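Undergrad: A single structure is presented below for examination.
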Amino acid sequence: MIFCLALFGTLALVTPLLTRLLGRRVFAVIALLPAAVFVLLLTWMPGVLAGTPVVETVAWIPALDIALSFRLDALALLLALIVTGVGALVLLYCMNYFADDEPALGRFAALLLAFAGVMFGLVTADDVFVMFTFWEATSVLSYLLIGHYTGRKESRGAALQALTVTTFGGLAMLVGLVILSVEGGTTGLAELVANPVTGAAGEWAIALVLLGAVSKSALVPFHFWLPAAMAAPTPVSAYLHAAAMVKAGVYLVARLAPGYAELEVWHPIVIGLGGLTMLVGGWRALRQYDLKLLLAYGTVSQLGFLVMVTGFGTRDAALAGVALLLAHALFKATLFLVVGIVDHAAGTRDWRKLSGLGRRMPVIAAIAFVAAASMAGLPPLLGFVAKEAVFTAELDAALAGDAWGWIALVAAFLGSVLTVAYTVRFVWGAFFTKADVPSTPLHRESPAIGVAPALLAGASVVFAFAVPLIEPLLAAYADELPGGHEYHLALWHGLEPALALSAAVFALAALLVWGRQQVARMQAAVPPALDSARGYLGIVSVVDRLAARVTTAFQVRGLAGYLAIIVVVFIGGLGTAAILNESWPDGVRLWDYPAQPFIAFIMAIAAVAAAIVRRRVTSVLLVGVTGYGLVLLFGMSGAPDLALTQALVETITIVVFVLVLRRLPKQSAVHPTAVGRATRTVIGVLAGLVMGVIGFVALGARVEPTIAEGLPALSLEAHGKNIVNVMLVDIRAWDTLGEISVLVAVATGVASLIFVSGRTGGAPRLDELPDRRNRLQPVLEPASSIRAAKPRLAEVDDETDAAAEAHGSRQTWLLAGRTLSPRNRSILIEVLVRLLFHPAIIVSVYLLFVGHNAPGGGFAGGLLAGLALVARYLAGGRYELGEAAPVDAGHLLGTGLLLAAGTAASSLLFGLTAFESTWFEADVPVLGHLSIGTSTLFDIGVYLVVVGLVLDILRSLGAEVDRHQEEVEADPEASDPTAADREGAPA
């Protein structure tokens, strides 16, 4: 199972690349994986039915008793077969549903395949926290899939709504799982079910877990997110919202029922909310005109039905519940796929505009009729078999004196009446000929698009007649629950009460269809205040208004006021802690070496001066003095790694500040009053004093021996002599992975602030100049000004010189130097940069590979390479940056992060713990003894992330800002909204 999950993840990663080669045919290729896993699961079925579940476990976090544990028993096998089987067919359907020019097709295919893998992991996970990880991953992936059409407001809103609702439910569920694992003494899901937690802790824990299941399966009052999610492409609706994601809540209820169905909190939530959801969903479906929305509300109704039955707590109800779960996956996925075909062919899903489709699309109509009949519970289909089993189980419980049995039976009966009624509405609206509607024109569809729904509809028929073949799998789970007689699934049980109830359902449904106008008037009379969607929007609106008021109140004075609030809270919190502190150091050591106080004095003077001066660039340089002072302190204190990194970071920081300040006034726009200046001075002094006191107390607060004494041995064990680098890439690799993830987020945020329409690609290249002649001429000034500044160049042939310029001949030191105006060029800087760039890159690579045994590492090496790129940009401009690094910064960031994270995943593939290092050692001629490990690969990933970050910032704050400035200088009136007014104003 772990290997299958790894295959899902790997193939999902390469799917975007395959899409570039294969187009929409990539769906046929990636469908082979879930199909193969489906076949593999069938081979495991005999052992599972014999009572021997497939179990795989890999240690993950032993300290918390969390392991990558997976268990395939009867229930997990049933859900896994649904996930992989339906998933493979939906992927095949996508090949004919989408066109080759579909936007972000590769991303969609990768996400849909990844979702199949995540669902497979969810239903097979046997550790509650591993299961929760997959649970939340389904929410994230569904958010991305629902919001596939990013240009549509309704898609983005629906995706955010689904993510918000399911995530909040998931957080409540996490608290419940923590309580269960702590009280039960294990994180194993099977053990927690076999030995359930009882008492108040069990009641509260199960209530919280069920809250997560209710939100995921869209039960009242969280049902509104599912119909809104119909903004997603039809394959998403057919898979996530019919056969996969929404089944996660049903699966969890079914999984916990054998151990926790007797708790007092169980039946009110499971049966109460399940029955209410069945009625609400069916009632709302009767007023829908959009075929997809009709099916969506029908899905809400059926999910309530499923939760109510699977969680009822008896053996017969459990058998009926899993049969209904299988039937629902087959008929509802079929109907969603059919709606997609109708929408493609007719260009609309509004059945008021559809007429005559049954006559003109007979095959698709027949498929829809079969699936709809199974949904309505008509014989001889699997839906009928499951519904009869439900009626029998609940009727037996009710007659035995179970009050919840009566509640469930009434809800199931009334809900089934509504189900038949909205099924008729769907079939008649989609395929029948309407006298007052003209025949709908159709676009021709590929016959292959009907293969997937035909197979799913056919399974509803085959399984009804082959019930004895599938019942052992369903009964293997149901037998875990107590009570009831040994009921067996069958297409015909003779004349029994359940059959009479079915006949009454059809009769009442016929009355609803006949009196549909009266029903519509009744529905219109329901007050909108009962709409949960309105309640959600109201809550979101209140939160938005509250956030706006808080922001206005606390940030009314701009950035300075905002920072003042933060610092004041810091002073109040830590200052109070310092006053109450009773463990002060015994002695005071003023310095470690004579130069230390002088360096500190210079840093203090620079910090004060930075707060006083009014020129921004001067302030930045003075702040840089404090940073370089730290470099000296680190270096003199025996920390060369920290000194090297601090020096590189400080230099990069100054460059970034200067790049930003180019577009800001030279002086500060706000001049504080005397009172404001005094207040800020007091706040600053107090913050410094508090921080100094806290540092003083912290330095003397050690009461236990330092762990630093054991670090040299650990470093040597990790094949390294540089303790700092070994700590970063081996001992505390998880921390470093989180830090470089933050760097990627920072790069994305900076680019998002600068780029408006898109940020793909690298910095501009010389080939992107308007024409070849312009390579000779500066971008910002006409050619005449160049000849005026350098008259001897006027005699040079433009074409010859342009070619020489493009190839970097002896006439230029930098490839794009001549794209700058003469006043912005410095031949001295160009010569120095050209001479130092390549040595800097070589030294950066050297720092990368020696970092494990000497000062350096991936972070320092990446910063040095970034500084080399900074020098190229400062000397030659944005075109020079494009020539120096003709790559997409996003690709570097992604590759680096993937490489770093991949070292953790690769360890798991070989049965090791995450980030457990391995090494390759050999004696190589000339180079000597080499030792390369997975930590080296991790460090290379860090190197790429840092280089990508610098390149992305240069492209954003440098090249893109340059382009904006060029546009302003080329057309200043376009950037000045008052220019037109000035032209018309009198002199």
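Following the order of the structure tokens, first chain is A, next is B, and so on, with residues numbered from 1 inside each chain and ligands from 1 in the order they appear.
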A:Trp283: which residues within 9 Å, counting only C-alpha atoms, same-chain residues fewer than 4 positions away excluded, as a list of chain:residue names?

TA: A:Met278, A:Leu279, A:Arg287, A:Tyr297, A:Gly298, A:Ser301, A:Gly415, A:Leu418, A:Thr419, A:Tyr422, A:Gln523

Undergrad: Save out the residues we just selected, N, CA and C atoms, as a JSON list (two decimals), in the first residue's frame.

TA:
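So the final result, stored in result.json, reads:
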```
[["chain", "number", "residue", "atom", "x", "y", "z"],
["A", 278, "MET", "N", -31.27, 14.15, 4.92],
["A", 278, "MET", "CA", -31.94, 13.45, 3.83],
["A", 278, "MET", "C", -33.19, 14.20, 3.39],
["A", 279, "LEU", "N", -33.93, 14.72, 4.34],
["A", 279, "LEU", "CA", -35.17, 15.43, 4.02],
["A", 279, "LEU", "C", -34.88, 16.81, 3.42],
["A", 287, "ARG", "N", -36.65, 21.81, -6.30],
["A", 287, "ARG", "CA", -36.86, 23.14, -6.83],
["A", 287, "ARG", "C", -35.71, 23.60, -7.74],
["A", 297, "TYR", "N", -27.95, 18.52, -4.70],
["A", 297, "TYR", "CA", -28.83, 18.44, -3.54],
["A", 297, "TYR", "C", -29.28, 16.99, -3.31],
["A", 298, "GLY", "N", -29.43, 16.24, -4.40],
["A", 298, "GLY", "CA", -29.73, 14.82, -4.23],
["A", 298, "GLY", "C", -28.58, 14.09, -3.54],
["A", 301, "SER", "N", -28.82, 14.74, 0.12],
["A", 301, "SER", "CA", -29.85, 13.88, 0.69],
["A", 301, "SER", "C", -29.33, 12.45, 0.89],
["A", 415, "GLY", "N", -37.66, 10.45, 3.00],
["A", 415, "GLY", "CA", -36.56, 10.82, 2.13],
["A", 415, "GLY", "C", -36.58, 10.05, 0.82],
["A", 418, "LEU", "N", -39.03, 11.67, -1.57],
["A", 418, "LEU", "CA", -38.42, 12.83, -2.22],
["A", 418, "LEU", "C", -37.39, 12.40, -3.27],
["A", 419, "THR", "N", -36.67, 11.32, -2.98],
["A", 419, "THR", "CA", -35.66, 10.83, -3.94],
["A", 419, "THR", "C", -36.32, 10.42, -5.25],
["A", 422, "TYR", "N", -37.47, 13.71, -7.13],
["A", 422, "TYR", "CA", -36.47, 14.49, -7.85],
["A", 422, "TYR", "C", -35.76, 13.67, -8.92],
["A", 523, "GLN", "N", -42.60, 25.44, -1.37],
["A", 523, "GLN", "CA", -41.17, 25.70, -1.22],
["A", 523, "GLN", "C", -40.88, 27.19, -1.27]]
```

Undergrad: Given only C-alpha atoms as the basis, pick out the residue of A:Ala229, A:Asp396, A:Leu863, A:Ala430 nearest to A:Leu291.

TA: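 Closest to A:Leu291 of all the choices is A:Ala430.
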
Undergrad: Do a neighbour search on A:Leu378 at 12 Å with only C-alpha atoms, toss out local chain neighbours closer than 2 positions, and write the hits as a PyMOL selection string.

TA: chain A and resi 369-376+380-388+416+419-420+423+460-461+464+491+499+502-503+505-506

Undergrad: I need the residues from that last selection saved to file as a compact mmCIF listing (two decimals), in the first residue's frame (with N, CA and C atoms), if you can.

TA:
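Wrote it out as part19.txt, contents follow:
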```txt
# COMPACT_ATOMS: atom_id res chain seq x y z
N PHE A 369 -31.17 6.58 -17.63
CA PHE A 369 -32.37 5.94 -17.09
C PHE A 369 -32.00 4.82 -16.12
N VAL A 370 -30.99 4.03 -16.47
CA VAL A 370 -30.57 2.93 -15.60
C VAL A 370 -30.05 3.48 -14.27
N ALA A 371 -29.17 4.48 -14.34
CA ALA A 371 -28.60 5.05 -13.12
C ALA A 371 -29.67 5.72 -12.28
N ALA A 372 -30.60 6.44 -12.93
CA ALA A 372 -31.66 7.11 -12.20
C ALA A 372 -32.60 6.11 -11.55
N ALA A 373 -32.87 5.02 -12.24
CA ALA A 373 -33.73 3.98 -11.65
C ALA A 373 -33.08 3.37 -10.42
N SER A 374 -31.76 3.20 -10.45
CA SER A 374 -31.07 2.68 -9.27
C SER A 374 -31.14 3.69 -8.13
N MET A 375 -31.01 4.98 -8.45
CA MET A 375 -31.12 6.01 -7.41
C MET A 375 -32.51 6.03 -6.78
N ALA A 376 -33.52 5.82 -7.60
CA ALA A 376 -34.90 5.82 -7.10
C ALA A 376 -35.25 4.53 -6.38
N PRO A 380 -34.73 -4.10 -11.44
CA PRO A 380 -33.80 -4.98 -10.73
C PRO A 380 -32.41 -4.35 -10.68
N LEU A 381 -32.17 -3.42 -9.80
CA LEU A 381 -30.92 -2.68 -9.72
C LEU A 381 -30.39 -2.70 -8.29
N LEU A 382 -29.10 -2.40 -8.17
CA LEU A 382 -28.45 -2.48 -6.86
C LEU A 382 -29.06 -1.48 -5.88
N GLY A 383 -29.51 -0.33 -6.36
CA GLY A 383 -30.15 0.63 -5.47
C GLY A 383 -31.39 0.06 -4.81
N PHE A 384 -32.17 -0.75 -5.54
CA PHE A 384 -33.35 -1.40 -4.98
C PHE A 384 -32.96 -2.39 -3.90
N VAL A 385 -31.91 -3.18 -4.15
CA VAL A 385 -31.46 -4.18 -3.18
C VAL A 385 -31.05 -3.49 -1.88
N ALA A 386 -30.29 -2.38 -2.00
CA ALA A 386 -29.82 -1.68 -0.80
C ALA A 386 -30.98 -1.04 -0.05
N LYS A 387 -31.92 -0.42 -0.77
CA LYS A 387 -33.02 0.26 -0.10
C LYS A 387 -33.92 -0.75 0.63
N GLU A 388 -34.16 -1.90 0.03
CA GLU A 388 -34.95 -2.93 0.71
C GLU A 388 -34.27 -3.39 1.99
N SER A 416 -36.98 8.77 0.85
CA SER A 416 -37.08 7.98 -0.37
C SER A 416 -38.19 8.50 -1.28
N THR A 419 -36.67 11.32 -2.98
CA THR A 419 -35.66 10.83 -3.94
C THR A 419 -36.32 10.42 -5.25
N VAL A 420 -37.41 9.68 -5.18
CA VAL A 420 -38.11 9.26 -6.40
C VAL A 420 -38.63 10.49 -7.14
N THR A 423 -35.81 12.35 -8.82
CA THR A 423 -35.30 11.52 -9.92
C THR A 423 -36.16 11.68 -11.16
N SER A 460 -24.35 -1.30 -11.91
CA SER A 460 -25.55 -1.27 -11.07
C SER A 460 -26.49 -2.42 -11.39
N VAL A 461 -26.52 -2.81 -12.66
CA VAL A 461 -27.37 -3.93 -13.06
C VAL A 461 -26.72 -5.26 -12.70
N ALA A 464 -26.65 -6.21 -9.00
CA ALA A 464 -27.95 -6.58 -8.46
C ALA A 464 -28.22 -8.06 -8.64
N LEU A 491 -32.06 -9.84 -4.54
CA LEU A 491 -32.90 -9.04 -5.42
C LEU A 491 -34.38 -9.26 -5.14
N LEU A 499 -41.09 -4.47 0.95
CA LEU A 499 -41.63 -4.29 -0.40
C LEU A 499 -42.87 -3.41 -0.36
N SER A 502 -41.79 0.11 -0.07
CA SER A 502 -41.32 0.61 -1.36
C SER A 502 -42.49 1.00 -2.26
N ALA A 503 -43.53 0.18 -2.25
CA ALA A 503 -44.71 0.50 -3.05
C ALA A 503 -45.34 1.81 -2.57
N VAL A 505 -43.77 4.24 -1.13
CA VAL A 505 -42.86 5.31 -1.55
C VAL A 505 -43.17 5.76 -2.96
N PHE A 506 -43.32 4.80 -3.88
CA PHE A 506 -43.59 5.16 -5.27
C PHE A 506 -44.95 5.84 -5.42
```

Undergrad: Rank nothing, just name the residue among A:Leu699, A:Phe413, A:Leu160, A:Val209 nearest to A:Val175, using only C-alpha atoms.

TA: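 Nearest to A:Val175: A:Val209.
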
Undergrad: Using DSSP assignments from the backbone, pull out every residue in stretch 360-411 of chain A that falls under helix (DSSP H, G or I) and give it to me as a VMD selection string.

TA: chain A and resid 360 362 to 376 382 to 399 403 to 411

Undergrad: Compile the contact shell of stretch 169-171 of chain A as number ranges by chain: residues with an atom at most 9 Å away, counting only C-alpha atoms, same-chain residues fewer than 5 positions apart removed.

TA: A: 132, 135-136, 164, 176, 208-216

Undergrad: Name the closest residue to A:Val729 among the candidates A:Phe859, A:Phe120, A:Phe696, A:Tyr593; distances are taken between atoms, counting only C-alpha atoms.

TA: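 Distance minimum relative to A:Val729 lands on A:Phe859.
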
Undergrad: To one decimal place in Å, what is the distance between atom CA of A:Ala368 and atom CA of A:Leu335?

TA: 6.1 Å

Undergrad: Just to confirm, what's the straight-line distance from atom CA of A:Phe8 to atom CA of A:Asp127 in Å (one decimal)?

TA: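 Between these atoms lies a distance of 19.9 Å.
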
Undergrad: Tell me, as an NGL selection string, which residues lie within 6 Å of stretch 312-324 of chain A, counting only C-alpha atoms; anything in the same chain fewer than 6 positions away does not count.

TA: :A and (257 or 261 or 386 or 389-390 or 393 or 475 or 478-479 or 481-483)
